[in-house]
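Colleague: What follows is target_27.csv, CSV, C-alpha atoms.
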chain,number,residue,atom,x,y,z
A,488,MET,CA,-45.5,13.8,-26.8
A,489,GLU,CA,-46.9,10.4,-27.7
A,490,LEU,CA,-48.6,9.3,-30.9
A,491,ALA,CA,-51.4,6.8,-30.9
A,492,LYS,CA,-50.6,3.5,-32.7
A,493,GLU,CA,-53.6,4.1,-35.0
A,494,LEU,CA,-54.1,7.7,-35.9
A,495,PHE,CA,-57.2,9.4,-37.4
A,496,VAL,CA,-55.8,10.8,-40.6
A,497,ALA,CA,-57.5,13.5,-42.7
A,498,GLU,CA,-57.9,12.8,-46.4
A,499,ASN,CA,-55.6,15.6,-47.3
A,500,ILE,CA,-52.5,14.1,-45.7
A,501,SER,CA,-50.5,12.7,-48.6
A,502,ASP,CA,-47.3,11.5,-46.9
A,503,LEU,CA,-48.2,10.0,-43.5
A,504,GLU,CA,-44.7,8.5,-43.0
A,505,THR,CA,-43.1,11.9,-43.3
A,506,VAL,CA,-45.6,13.5,-40.9
A,507,VAL,CA,-45.1,10.8,-38.3
A,508,TYR,CA,-41.3,11.1,-38.7
A,509,ALA,CA,-41.5,14.9,-38.2
A,510,LEU,CA,-43.8,14.7,-35.1
A,511,ARG,CA,-41.7,12.0,-33.4
A,512,ARG,CA,-38.6,14.2,-33.8
A,513,ASN,CA,-40.3,17.5,-32.8
A,514,ILE,CA,-40.0,19.0,-36.3
A,515,PRO,CA,-43.0,21.3,-37.0
A,516,MET,CA,-44.6,21.1,-40.4
A,517,PRO,CA,-46.4,24.0,-42.1
A,518,ARG,CA,-50.2,23.8,-41.9
A,519,LEU,CA,-50.1,20.6,-39.9
A,520,TYR,CA,-52.7,20.4,-37.1
A,521,CYS,CA,-52.9,17.7,-34.5
A,522,ILE,CA,-55.9,16.5,-32.4
A,523,LEU,CA,-54.5,15.9,-29.0
A,524,LEU,CA,-56.3,14.0,-26.2
A,525,SER,CA,-55.3,15.8,-23.0
A,526,VAL,CA,-55.6,13.2,-20.3
A,527,LEU,CA,-55.3,15.6,-17.3
A,528,LYS,CA,-58.0,17.9,-18.7
A,529,ASN,CA,-60.1,15.0,-20.1
A,530,ARG,CA,-60.7,16.7,-23.4
A,531,TYR,CA,-59.6,16.9,-27.0
A,532,GLU,CA,-57.6,19.9,-28.3
A,533,ILE,CA,-56.7,21.0,-31.8
A,534,ILE,CA,-53.2,22.3,-31.9
A,535,SER,CA,-50.7,23.3,-34.6
A,536,SER,CA,-47.6,21.2,-35.0
A,537,TRP,CA,-45.6,24.4,-34.5
A,538,GLN,CA,-47.2,25.0,-31.1
A,539,LEU,CA,-46.8,21.3,-30.3
A,540,CYS,CA,-43.2,20.9,-31.4
A,541,LYS,CA,-41.7,24.2,-30.4
A,542,GLY,CA,-43.2,24.4,-26.9
A,543,SER,CA,-45.1,27.6,-27.2
A,544,LEU,CA,-47.7,26.0,-25.1
A,545,PRO,CA,-47.3,24.1,-21.8
A,546,PRO,CA,-45.9,20.6,-22.4
A,547,PRO,CA,-48.8,18.4,-23.6
A,548,ASP,CA,-49.8,15.7,-21.3
A,549,GLY,CA,-51.7,13.6,-23.8
A,550,LEU,CA,-51.7,11.6,-26.9
A,551,VAL,CA,-51.9,12.7,-30.5
A,552,VAL,CA,-54.9,10.8,-32.0
A,553,GLY,CA,-55.4,12.7,-35.3
A,554,ILE,CA,-53.6,14.8,-37.9
A,555,ALA,CA,-54.8,17.0,-40.6
A,556,ASN,CA,-53.4,19.5,-43.1
A,557,GLY,CA,-55.0,22.8,-42.3
A,558,LYS,CA,-57.2,24.1,-39.5
A,559,GLN,CA,-60.5,23.6,-41.3
A,560,GLU,CA,-59.7,19.9,-42.1
A,561,ALA,CA,-58.7,19.5,-38.4
A,562,TYR,CA,-62.2,20.7,-37.4
A,563,SER,CA,-63.7,18.3,-39.9
A,564,LEU,CA,-61.7,15.4,-38.5
A,565,MET,CA,-62.7,16.3,-34.9
A,566,ALA,CA,-66.3,16.3,-36.0
A,567,TYR,CA,-65.8,12.8,-37.5
A,568,ILE,CA,-64.3,11.6,-34.2
A,569,ILE,CA,-67.3,12.9,-32.3
A,570,GLU,CA,-69.7,11.3,-34.8
A,571,GLU,CA,-68.0,8.0,-34.3
A,572,ALA,CA,-68.3,8.4,-30.5
A,573,VAL,CA,-72.0,9.2,-30.8
A,574,GLN,CA,-72.7,6.2,-33.2
A,575,GLY,CA,-70.7,3.9,-30.9
A,576,GLU,CA,-72.8,5.2,-27.9
A,577,LYS,CA,-69.7,6.3,-26.0
A,578,ASP,CA,-69.8,8.4,-22.8
A,579,LEU,CA,-69.5,11.9,-24.2
A,580,CYS,CA,-68.4,13.2,-20.8
A,581,ASN,CA,-65.3,10.9,-20.9
A,582,PRO,CA,-63.5,11.6,-24.1
A,583,HIS,CA,-60.7,9.1,-23.4
A,584,THR,CA,-63.3,6.3,-23.9
A,585,TRP,CA,-64.1,7.4,-27.4
A,586,ILE,CA,-61.2,5.7,-29.0
A,587,GLU,CA,-61.2,2.0,-28.1
A,588,ARG,CA,-58.4,1.1,-30.4
A,589,ASN,CA,-56.1,3.5,-28.6
A,590,ALA,CA,-57.3,2.8,-25.0
A,591,ASN,CA,-54.2,0.8,-24.2
A,592,GLU,CA,-52.1,3.9,-25.0
A,593,ILE,CA,-53.9,6.2,-22.5
A,594,HIS,CA,-52.7,6.1,-18.9
A,595,LEU,CA,-55.2,7.7,-16.5
Please lay out the structure from this file as structure tokens.
Modeller:
Amino acid sequence: MELAKELFVAENISDLETVVYALRRNIPMPRLYCILLSVLKNRYEIISSWQLCKGSLPPPDGLVVGIANGKQEAYSLMAYIIEEAVQGEKDLCNPHTWIERNANEIHL
């Protein structure tokens, strides 16, 4: 699993350094949800850190672009990402183009 250099971070994340440290070492954190850009599926997914770190799902093929504390906040953050894409007149059929600042991280 890779983390984007610049993450979208929900307002309720109080200690970003600890969260990034835990994710890089596959340590799940309670109530932490990640927004993952799945490159092969060409879509975003909201996934708990437990599922992501402990491998209860198939290995992710993408890039973590956002983090939030709680599922509701993750949905709000995803809505924010979509709003930014619409305002920036991005191609909504190609989610990997929505995040310009992370484009160098995405290998298609």
Colleague: Got a sec: who's within 8 Å of Ile534 of chain A, counting all atoms listed in the file, leaving out chain neighbours fewer than 3 positions off, as a ChimeraX atom specification?
Modeller: /A:520-523,538-539
Colleague: Could you check the closest approach to Val507 of chain A for each of A:Ala572, A:Val552, A:Ala561, A:Leu579 and tell me which residue wins, using only C-alpha atoms?
Modeller: A:Val552
Colleague: Measure the distance from atom CA of Val506 of chain A to atom CA of Val573 of chain A in Å and round it to one decimal.
Modeller: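 About the pair atom CA of Val506 of chain A and atom CA of Val573 of chain A: they are 28.6 Å apart.
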Colleague: If I put a ball of radius 10 Å at (-59.6, 13.1, -24.5) in the file's coordinates, which residues poke into it when counting only C-alpha atoms, written as a ChimeraX atom specification?
Modeller: /A:522-532,549-552,579-586,593
Colleague: Suppose you want the space between atom CA of Ile568 of chain A and atom CA of Asp548 of chain A; what is it in Å?
Modeller: 19.8 Å
Colleague: Please, which residues are within 12 Å of (-56.4, 16.3, -40.2) by the file's coordinates, counting all atoms listed in the file, and could they come as a VMD selection string?
Modeller: chain A and resid 494 to 501 503 506 518 to 523 533 to 536 551 to 568
Colleague: Could you write those residues out with C-alpha atoms, as a CSV table (one decimal), keeping the file's coordinate frame?
Modeller:
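Just written: out_14.csv:
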chain,number,residue,atom,x,y,z
A,494,LEU,CA,-54.1,7.7,-35.9
A,495,PHE,CA,-57.2,9.4,-37.4
A,496,VAL,CA,-55.8,10.8,-40.6
A,497,ALA,CA,-57.5,13.5,-42.7
A,498,GLU,CA,-57.9,12.8,-46.4
A,499,ASN,CA,-55.6,15.6,-47.3
A,500,ILE,CA,-52.5,14.1,-45.7
A,501,SER,CA,-50.5,12.7,-48.6
A,503,LEU,CA,-48.2,10.0,-43.5
A,506,VAL,CA,-45.6,13.5,-40.9
A,518,ARG,CA,-50.2,23.8,-41.9
A,519,LEU,CA,-50.1,20.6,-39.9
A,520,TYR,CA,-52.7,20.4,-37.1
A,521,CYS,CA,-52.9,17.7,-34.5
A,522,ILE,CA,-55.9,16.5,-32.4
A,523,LEU,CA,-54.5,15.9,-29.0
A,533,ILE,CA,-56.7,21.0,-31.8
A,534,ILE,CA,-53.2,22.3,-31.9
A,535,SER,CA,-50.7,23.3,-34.6
A,536,SER,CA,-47.6,21.2,-35.0
A,551,VAL,CA,-51.9,12.7,-30.5
A,552,VAL,CA,-54.9,10.8,-32.0
A,553,GLY,CA,-55.4,12.7,-35.3
A,554,ILE,CA,-53.6,14.8,-37.9
A,555,ALA,CA,-54.8,17.0,-40.6
A,556,ASN,CA,-53.4,19.5,-43.1
A,557,GLY,CA,-55.0,22.8,-42.3
A,558,LYS,CA,-57.2,24.1,-39.5
A,559,GLN,CA,-60.5,23.6,-41.3
A,560,GLU,CA,-59.7,19.9,-42.1
A,561,ALA,CA,-58.7,19.5,-38.4
A,562,TYR,CA,-62.2,20.7,-37.4
A,563,SER,CA,-63.7,18.3,-39.9
A,564,LEU,CA,-61.7,15.4,-38.5
A,565,MET,CA,-62.7,16.3,-34.9
A,566,ALA,CA,-66.3,16.3,-36.0
A,567,TYR,CA,-65.8,12.8,-37.5
A,568,ILE,CA,-64.3,11.6,-34.2
Colleague: In Å to one decimal, how far is atom CA of Arg512 of chain A from atom CA of Glu489 of chain A?
Modeller: 11.0 Å
